[in-house]
Amino acid sequence: MIWKLCYNSFAMDIKRLVKQNIRSLSAYETREIPCRVKLDANESPYGFSMASKAISKIETNRYPDPEAKELKKVIAKDLAINKKNVLHGNGSDELIYYLIAVFGGPVLYPTPTFSMYGIISQALGERKMSIPLDKEFDLDIDKMLTAIRKDKPGLIFLSSPNNPTGNCFSSEKILKIIDATRGIVVVDEAYQPFASEKGFIPMLKDYKNLVIMRTLSKIGLAGLRVGFLIGDEKIICEVNKVRLPFNINSLSQKIALEVLKNRKERNLYIKSIVSERNRLFNELSKFESISPYPSEANFILFSANEPDGIYERLLKKGVLVRNMKGVVNGCLRVTVGTPGENTIFLNVLKKVV
């Protein structure tokens with residue numbers, strides 16, 4: 001009885017022991033919803049055949065290479081940069097965590113955008129600041145520059161192409177932001193492989209406070225959790241101080257290595273996704289009650305009459321998209337799938353709309 005009373009007392013006091021910034025934080029939730037066609041998570045519809053071959057060569061009793069030397073070497077070659085300018089991470093989320101841990105806040109970013117910038121900032125007890133995008137889903141440069149002058153952010157995150165809007169931000173505006181701050185500007189290029197623009201890697205030699213973030217998740221390796229930073233060697237060295245040892249496992253390193261070497265198959269899948277994205281956009285534009293937004297990513301955001309009803313009716317027919325309620329109200333987001341999946345989505349959409 002005494003033990004039970006002590007246990008209940010301890011359970012009631014748990015929140016008192018939790019840091020204030022964590023008490024108001026909600027856990028990031030991802031729901032697995034059974035469906036016939038899954039087009040909600042910005043995943044690639046294509047996997048890679050060489051993955052199974054790579055598995056047989058892994059020594060499971062040994063720790064993985066802590067520096068991921070071979071993987072960084074291939075990444076550097078692929079992007080025509082020095083391997084000293086690359087740092088590996090367990091997905092982009094881990095790298096965002098490291099950046100905020102090293103450079104602190106305030107952390108500035110536009111909204112709507114990738115939610116983890118704000119979530120991780122709060123988890124680490126750093127002040128977060130969000131500036132709404134303009135009506136064209138581009139950066140509100142005046143408000144961004146005002147926040148930089150007033151609050152002097154330690155970190156600025158800019159996702160371009162942006163999730164969930166799909167567009168690239170104005171390069172001119174991004175460069176103005178880099179020039180205006182003494183903090184670190186992180187251009188998150190998770191969706192860059194699908195964009196018509198080359199991205200900001202060529203700018204690294206001119207801007208020492210610029211960091212590029214990339215991931216392999218969107219090109220077909222979401223299950224591996226492999227991301228990487230590209231930046232000045234001094235920045236990479238500082239962030240590497242907080243990197244956890246063996247943060248990318250042997251399986252992920254080996255498969256990623258094989259996939260990156262096979263540029264032909266990778267580019268074939270990317271071209272298919274871009275082609276299907278254009279087809280989806282054209283078909284969605286034909287609906288009177290739907291307005292798709294131009295996209296440079298592997299998904300399309302579209303506004304619709306009765307989006308909640310359309311979402312539910314699509315799901316009843318086995319097609320899962322993302323309801324953006326609370327993020328971009330009145331909108332749904334569809335990931336580009338295979339030609340067959342996209343056709344099913346369009347045919348079901350015609351019926352439910």
# chains A, B, ... in the order shown; residues from 1 in each chain; ligands from 1

$ residues_around --residues "Glu288 (chain A)" --least-positions-apart "4" --cutoff "12 Å" --atoms "only C-alpha atoms" --output "MDAnalysis selection string"
chainID A and resid 283:284 292 303:305 350 353

$ residues_around --residues "Asn90 (chain A)" --least-positions-apart "3" --cutoff "12 Å" --atoms "only C-alpha atoms" --output "VMD selection string"
chain A and resid 66 68 87 93 to 98 214 to 217 222 to 229 243 to 250 252 to 253

$ select_by_dssp --residues "region 25-256 of chain A" --states "strand (DSSP E or B)" --output "PyMOL selection string"
chain A and resi 37-38+86-89+107-111+128-132+155-159+184-188+210-215+227-231

$ write_last_selection --atoms "N, CA and C atoms" --output "short mmCIF file (atom, residue, chain, number, x, y, z; two decimals), in the first residue's frame"
data_model
loop_
_atom_site.label_atom_id
_atom_site.label_comp_id
_atom_site.auth_asym_id
_atom_site.auth_seq_id
_atom_site.Cartn_x
_atom_site.Cartn_y
_atom_site.Cartn_z
N VAL A 37 -3.81 3.20 -52.54
CA VAL A 37 -2.83 4.09 -53.18
C VAL A 37 -2.40 5.13 -52.16
N LYS A 38 -1.13 5.10 -51.76
CA LYS A 38 -0.61 5.99 -50.71
C LYS A 38 0.13 7.17 -51.34
N VAL A 86 31.25 18.02 -46.31
CA VAL A 86 30.05 17.19 -46.17
C VAL A 86 30.00 16.59 -44.76
N LEU A 87 28.81 16.62 -44.16
CA LEU A 87 28.58 15.94 -42.88
C LEU A 87 27.32 15.10 -42.99
N HIS A 88 27.41 13.84 -42.60
CA HIS A 88 26.30 12.90 -42.72
C HIS A 88 25.40 12.94 -41.49
N GLY A 89 24.12 12.62 -41.71
CA GLY A 89 23.18 12.60 -40.60
C GLY A 89 22.13 11.53 -40.78
N VAL A 107 15.64 31.09 -33.77
CA VAL A 107 15.57 30.35 -35.02
C VAL A 107 14.43 30.94 -35.85
N LEU A 108 14.78 31.41 -37.04
CA LEU A 108 13.82 32.09 -37.92
C LEU A 108 13.51 31.23 -39.13
N TYR A 109 12.23 31.19 -39.52
CA TYR A 109 11.82 30.46 -40.71
C TYR A 109 10.47 31.00 -41.18
N PRO A 110 10.16 30.83 -42.48
CA PRO A 110 8.85 31.26 -42.97
C PRO A 110 7.81 30.17 -42.69
N THR A 111 6.54 30.52 -42.79
CA THR A 111 5.46 29.53 -42.66
C THR A 111 4.42 29.77 -43.74
N LYS A 128 11.78 30.50 -31.20
CA LYS A 128 11.48 30.31 -32.62
C LYS A 128 10.62 31.47 -33.13
N MET A 129 10.90 31.86 -34.36
CA MET A 129 10.17 32.98 -34.97
C MET A 129 9.74 32.57 -36.38
N SER A 130 8.46 32.74 -36.69
CA SER A 130 7.97 32.39 -38.01
C SER A 130 7.37 33.62 -38.70
N ILE A 131 7.69 33.77 -39.97
CA ILE A 131 7.18 34.88 -40.78
C ILE A 131 6.31 34.29 -41.89
N PRO A 132 5.03 34.66 -41.97
CA PRO A 132 4.16 34.10 -43.03
C PRO A 132 4.67 34.44 -44.43
N LEU A 155 20.06 31.20 -36.42
CA LEU A 155 19.82 30.28 -37.53
C LEU A 155 18.59 30.71 -38.32
N ILE A 156 18.67 30.59 -39.64
CA ILE A 156 17.52 30.83 -40.50
C ILE A 156 17.36 29.61 -41.40
N PHE A 157 16.18 29.00 -41.39
CA PHE A 157 15.90 27.84 -42.24
C PHE A 157 14.99 28.25 -43.39
N LEU A 158 15.41 27.92 -44.61
CA LEU A 158 14.63 28.22 -45.82
C LEU A 158 14.54 26.94 -46.64
N SER A 159 13.35 26.37 -46.73
CA SER A 159 13.15 25.15 -47.50
C SER A 159 12.77 25.52 -48.93
N ILE A 184 23.66 31.81 -39.30
CA ILE A 184 23.79 30.77 -40.32
C ILE A 184 22.47 30.65 -41.09
N VAL A 185 22.55 30.64 -42.41
CA VAL A 185 21.37 30.44 -43.24
C VAL A 185 21.43 29.03 -43.83
N VAL A 186 20.41 28.23 -43.52
CA VAL A 186 20.34 26.86 -44.00
C VAL A 186 19.29 26.78 -45.11
N VAL A 187 19.73 26.47 -46.32
CA VAL A 187 18.79 26.26 -47.42
C VAL A 187 18.55 24.76 -47.52
N ASP A 188 17.34 24.36 -47.16
CA ASP A 188 16.96 22.95 -47.14
C ASP A 188 16.51 22.55 -48.55
N LEU A 210 26.50 30.21 -45.35
CA LEU A 210 25.47 29.43 -46.03
C LEU A 210 25.72 27.94 -45.84
N VAL A 211 24.65 27.21 -45.51
CA VAL A 211 24.71 25.75 -45.37
C VAL A 211 23.58 25.16 -46.21
N ILE A 212 23.89 24.11 -46.96
CA ILE A 212 22.89 23.41 -47.75
C ILE A 212 22.56 22.10 -47.06
N MET A 213 21.29 21.76 -47.03
CA MET A 213 20.87 20.48 -46.45
C MET A 213 20.20 19.65 -47.55
N ARG A 214 20.64 18.41 -47.69
CA ARG A 214 20.08 17.49 -48.68
C ARG A 214 19.68 16.18 -47.99
N THR A 215 18.86 15.39 -48.67
CA THR A 215 18.43 14.10 -48.15
C THR A 215 18.26 13.12 -49.30
N GLY A 227 20.73 11.74 -44.54
CA GLY A 227 20.76 13.15 -44.95
C GLY A 227 22.18 13.65 -44.84
N PHE A 228 22.43 14.83 -45.38
CA PHE A 228 23.78 15.38 -45.24
C PHE A 228 23.76 16.90 -45.36
N LEU A 229 24.73 17.51 -44.68
CA LEU A 229 24.97 18.95 -44.74
C LEU A 229 26.12 19.22 -45.69
N ILE A 230 26.05 20.36 -46.37
CA ILE A 230 27.14 20.83 -47.20
C ILE A 230 27.43 22.27 -46.81
N GLY A 231 28.65 22.54 -46.42
CA GLY A 231 28.97 23.89 -45.99
C GLY A 231 30.46 24.11 -45.83
#

$ closest_residue --among "A:Gln20, A:Asn163, A:Ser291, A:Thr335" --to "Gln122 (chain A)" --atoms "only C-alpha atoms"
A:Gln20

$ closest_residue --among "A:Ser115, A:Ser295, A:Asn82, A:Thr60" --to "Cys168 (chain A)" --atoms "only C-alpha atoms"
A:Ser295

$ closest_residue --among "A:Leu315, A:Gly326, A:Pro339, A:Cys331" --to "Arg277 (chain A)" --atoms "only C-alpha atoms"
A:Pro339

$ closest_residue --among "A:Lys152, A:Leu79, A:Glu70, A:Gly47" --to "Lys198 (chain A)" --atoms "only C-alpha atoms"
A:Leu79

$ residues_around --residues "Ala195 (chain A)" --least-positions-apart "3" --cutoff "9 Å" --atoms "only C-alpha atoms" --output "PDB file with N, CA and C atoms, in the first residue's frame"
ATOM      1  N   PRO A 161      12.962  23.802 -52.912  1.00  0.00           N
ATOM      2  CA  PRO A 161      11.508  23.950 -52.935  1.00  0.00           C
ATOM      3  C   PRO A 161      10.903  23.728 -51.539  1.00  0.00           C
ATOM      4  N   ASN A 167       6.874  25.354 -54.227  1.00  0.00           N
ATOM      5  CA  ASN A 167       7.598  26.320 -55.051  1.00  0.00           C
ATOM      6  C   ASN A 167       9.001  26.589 -54.522  1.00  0.00           C
ATOM      7  N   CYS A 168       9.881  27.049 -55.405  1.00  0.00           N
ATOM      8  CA  CYS A 168      11.202  27.549 -55.001  1.00  0.00           C
ATOM      9  C   CYS A 168      11.062  29.011 -54.606  1.00  0.00           C
ATOM     10  N   TYR A 191      13.969  18.687 -51.782  1.00  0.00           N
ATOM     11  CA  TYR A 191      13.239  18.397 -53.021  1.00  0.00           C
ATOM     12  C   TYR A 191      13.952  18.924 -54.267  1.00  0.00           C
ATOM     13  N   GLN A 192      15.184  19.354 -54.124  1.00  0.00           N
ATOM     14  CA  GLN A 192      15.906  19.940 -55.242  1.00  0.00           C
ATOM     15  C   GLN A 192      16.066  19.016 -56.458  1.00  0.00           C
ATOM     16  N   LYS A 198      19.094  24.873 -60.240  1.00  0.00           N
ATOM     17  CA  LYS A 198      20.249  24.074 -59.826  1.00  0.00           C
ATOM     18  C   LYS A 198      20.464  24.053 -58.319  1.00  0.00           C
ATOM     19  N   GLY A 199      19.896  24.995 -57.601  1.00  0.00           N
ATOM     20  CA  GLY A 199      20.115  25.035 -56.162  1.00  0.00           C
ATOM     21  C   GLY A 199      21.268  25.950 -55.783  1.00  0.00           C
ATOM     22  N   VAL A 274       8.948  13.810 -62.397  1.00  0.00           N
ATOM     23  CA  VAL A 274       8.750  15.162 -62.928  1.00  0.00           C
ATOM     24  C   VAL A 274       7.719  15.142 -64.056  1.00  0.00           C
ATOM     25  N   SER A 295       4.434  23.449 -58.930  1.00  0.00           N
ATOM     26  CA  SER A 295       5.335  22.747 -58.010  1.00  0.00           C
ATOM     27  C   SER A 295       6.673  22.438 -58.658  1.00  0.00           C
ATOM     28  N   GLU A 296       7.724  22.534 -57.848  1.00  0.00           N
ATOM     29  CA  GLU A 296       9.077  22.129 -58.253  1.00  0.00           C
ATOM     30  C   GLU A 296       9.526  20.920 -57.423  1.00  0.00           C
ATOM     31  N   ALA A 297       8.571  20.310 -56.722  1.00  0.00           N
ATOM     32  CA  ALA A 297       8.877  19.187 -55.836  1.00  0.00           C
ATOM     33  C   ALA A 297       8.233  17.904 -56.375  1.00  0.00           C
ATOM     34  N   ASN A 298       8.116  16.887 -55.532  1.00  0.00           N
ATOM     35  CA  ASN A 298       7.492  15.631 -55.961  1.00  0.00           C
ATOM     36  C   ASN A 298       6.060  15.521 -55.439  1.00  0.00           C
TER      37      ASN A 298
END

$ closest_residue --among "A:Ile201, A:Val327, A:Ile270, A:Ile119" --to "Asp232 (chain A)" --atoms "only C-alpha atoms"
A:Ile201
